[in-house]
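Only one structure is covered here, and it is reproduced in the block below.
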Amino acid sequence: MQDPEALGGLTHSGGADRAEHEPDTAFIPPENLNVASANQYVLKSGDTFIVNDALGDITGHDDGLFVNDTRVLSQLRLTFGGRAPSLLSGSVSSDNAAFTAHLTNRPLPPLGGDSTPEGVIHVERVRVLSGTVLNEAIELTNYGTKDAVVPLSISFASDFSDMFEVRGLKRDKKGNVEPARVENGEVLLGYVGLDNVERDVQIAFSPTPDKLFANRADYTVQLPAQACVSIYLAVAVKLRADKPVVSAGVSVPVHAQSGSHVSQIHAERPRVGRAAVRAALVEAHLVMRERRRATARVRSSNPLFNAWIDRSLADLGLLTTDLETGPYPYAGIPWFSTPFGRDALITSLQTLWLQPGLARGVLRFLAEHQALENSAFRDAAVGKIMHEMRKSEMAATGEVPFALYYGGVDSTPLFIVLAGAYVARTGDVDLIDELWPALQRAANWVSGVCDKNRFGLLDYQRESDGGLANQGWKDSHDSVFHADGRFPDGPIALVEVQAYASAAFDTMAHFSTLRGLSEDAAGYSRRARAIRECVEEKYWMEESGFYGIALDGHGELCRVLASNAGHLLAFGLPSRERGEAVVRGLESTLFHTGWGVRTLAAGQARFNPMAYHNGSVWPHDNALCARGVARYGGKATAVKLLQALFQAAVNFDMRLPELFCGFPRRRGEPPTAYPVACLPQAWAAGSPFMMLEACLGVTVDAAKREVLIEQPMLPEGIDWLEIGDMRVGDSTVTITFRRVAGKVVASAEQGDVRVVALL
């Protein structure tokens, strides 16, 4: 490693001036790390998040401190005598508010006295995010019998990489990284991107380091026996966007600009020290507590199941961002910590029965960012609901089309479906009055696409080469194919999307009836019925007892068995007989691994249990399948899916990842992780709640102030389960489910909410 002073390091006044002219033998260059840690820990605050390893270090691979999808810290390492400490444990608090690492020293070199043996110094790193400021406390405790001298170094750097660069995209040109400098006891890092946004990073310390360079702070800690010493670190980020760039010359509507350009973030000199850490911790815990209070309580007789539920709720709280339009669940960390349409809509559906306020925030945000003009570059058309929003440099300059991107075929009908489900759950018709113009535009877009399709179906085909080739939830390039493995010509009409479209038209028919628009209501009902009839005619494969995955642009069916058919059941499209056949298919070993249902049946062309969409297990996909099979008489299968995902979660530290590999379950072996899955992921965290809703048979009708419970079932190992303080209208109800004489019986406290149980 080069000498830090040769890299432009400057020293501050005080003790470091004296050290500058002394031999630098006390500090040993940190050992080089060549691989990223398999275990990563995340914190998030708004549009800022950090990913670090169990030691608390950032190594510059797929980790870092990110603000608005730009990596503002690509290295943050703590070393003692040039070596990383030994790991005792690393964890995030149960509410995801703070990260803590417990470490101990390796043998320390003698510095004017005896060497310090291994394992006598305890090091605790406590880290918290508040806004765009990272605060950290490093506490060293000497449990030895002799005083110790600890050569401690904190090294840091920033590559100011765009998230898409971190994910592997190469850039022909980049903005200007300013030389790092030391001023007034702080290190200042800066970058001016091609989007004309200035990104400034301030790194401050307390107490003042003995030596401070542009990439490292060095301390010689005098640590008496049985004493402790604390060092504090603060990293603050400020963004200035005086001349924002419009993406590649594309006109971005005024209503979309908040998502297309980096909002200005100003930060004063960061507070650093014990008080700053405590204040940030208090704020973070309060934020998480308030988010938890918005959700009905779920607890059971099974402590492990409770831990899974609690972790899932904490992950949803972590990913939820408070926007002007209300709470919004960002999709996942690290790759998708930003608003996505489809992900947020499905997450809201998963949690609607317990937390309807999330759906309200999602609906209002998506309506505000609905496309009002056509753009091939952004796959936008009037009325479409966004797929993805990014605030990164590459998005703003048009290097990628995702500043505000609309390349999803399913977000628009799901927007309508969620609006209908939200009103049924809450009775909040005022929100529908507010959203009515957006709902009409969305329905008009769906109708317009259906009118162009020869069969009246909702299909997709990307408008530009930079967009997504496949635009359903399985949006990888190879996820849709024919039985012989060849890729279909477009436009492509996915089977599950027809269920969304049909349900959307039914919802619009209901809304139109309520608004006295009888002619519109009849038209929407005809469209919904026509789609259902077409799916039954064109997609059903009699020889397989299953529905094909898609129709291609020639009207040819992709005769592939995929989990997409389970979504048909979730929205009630198939006939009873055919729906029951799909249930049998999903519970067979072709699909069910023992850890959950695969995205693709074994034996199909392109089947690969390690592929992103062609044989892996996705929790949210299983949740929708569970909802579907319960609807078609397969409640025992839904319970089996809930049980399988619960057991998988136990092996993933009680946190379901975005996906995992679809290998068959084997005795004594855990599920196989997918290497770059987001963790946490919103719709994975929301999955247990949709599955639980399906198993308990709960339906909330706000207009009737009623909760209907149909044939509830509980997974093995749970004798009772309570849903507490579930809001229905302006009242709440607590419902308890217990096993009695081989059945699950529901009981409720007396109150203003009527609970009707059908056995």
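Ligands are numbered from 1 in the order shown, chains are lettered A, B, ... in the order of the structure tokens, and residues start at 1 in each chain.
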All helix (DSSP H, G or I) residues (DSSP, backbone) inside region 663-756 of chain A, as JSON, numbers by chain: {"A": [682, 683, 684, 685, 687, 688, 689, 690, 691, 692, 693, 694, 695, 696]}
Near-Leu313 (chain A) list (8 Å; only C-alpha atoms; drop same-chain fewer than 4 positions) as a list in words: Arg292, Ile309, Gly317, Ala685 and Gly686 of chain A
Filtering to C-alpha atoms, could you give me those residues as a JSON list (two decimals), in the first residue's frame?
[["chain", "number", "residue", "atom", "x", "y", "z"],
["A", 292, "ARG", "CA", -44.87, -0.98, 13.76],
["A", 309, "ILE", "CA", -43.27, -12.52, 11.87],
["A", 317, "GLY", "CA", -40.44, -1.06, 8.46],
["A", 685, "ALA", "CA", -40.98, -9.82, 3.86],
["A", 686, "GLY", "CA", -44.68, -9.38, 3.10]]
For Lys384 (chain A): contacts at 8 Å, only C-alpha atoms, fewer than 5 positions along chain excluded, given as a PyMOL selection string: chain A and resi 370-371+406+411-412+441-442+445
DSSP-assigned strand (DSSP E or B) among region 282-505 of chain A, expressed as number ranges by chain: A: 297-300, 320-323, 326-329, 332, 336, 340, 375, 380, 388-389, 404-405, 460, 492-494
Select from region 547-574 of chain A every residue with an atom at most 12 Å from any atom of region 624-648 of chain A, then for each give the shortest pair of atoms and their distance in Å to one decimal, using only C-alpha atoms, rows by chain and rising number, as JSON lines.
{"residue": "A:Ala562", "atom": "CA", "partner": "A:Cys625", "partner_atom": "CA", "distance": 11.3}
{"residue": "A:Ser563", "atom": "CA", "partner": "A:Cys625", "partner_atom": "CA", "distance": 7.6}
{"residue": "A:Asn564", "atom": "CA", "partner": "A:Cys625", "partner_atom": "CA", "distance": 8.6}
{"residue": "A:Ala565", "atom": "CA", "partner": "A:Cys625", "partner_atom": "CA", "distance": 8.3}
{"residue": "A:Gly566", "atom": "CA", "partner": "A:Cys625", "partner_atom": "CA", "distance": 4.6}
{"residue": "A:His567", "atom": "CA", "partner": "A:Leu624", "partner_atom": "CA", "distance": 5.8}
{"residue": "A:Leu568", "atom": "CA", "partner": "A:Gly628", "partner_atom": "CA", "distance": 7.2}
{"residue": "A:Leu569", "atom": "CA", "partner": "A:Gly628", "partner_atom": "CA", "distance": 4.1}
{"residue": "A:Ala570", "atom": "CA", "partner": "A:Gly628", "partner_atom": "CA", "distance": 3.5}
{"residue": "A:Phe571", "atom": "CA", "partner": "A:Gly628", "partner_atom": "CA", "distance": 7.0}
{"residue": "A:Gly572", "atom": "CA", "partner": "A:Gly628", "partner_atom": "CA", "distance": 7.4}
{"residue": "A:Leu573", "atom": "CA", "partner": "A:Gly628", "partner_atom": "CA", "distance": 9.8}
{"residue": "A:Pro574", "atom": "CA", "partner": "A:Tyr632", "partner_atom": "CA", "distance": 9.3}
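Of the listed residues A:Arg171, A:Arg727, A:Arg274, A:Arg293, the one whose atoms come nearest to Thr426 (chain A) is A:Arg727, with distances taken using only C-alpha atoms.
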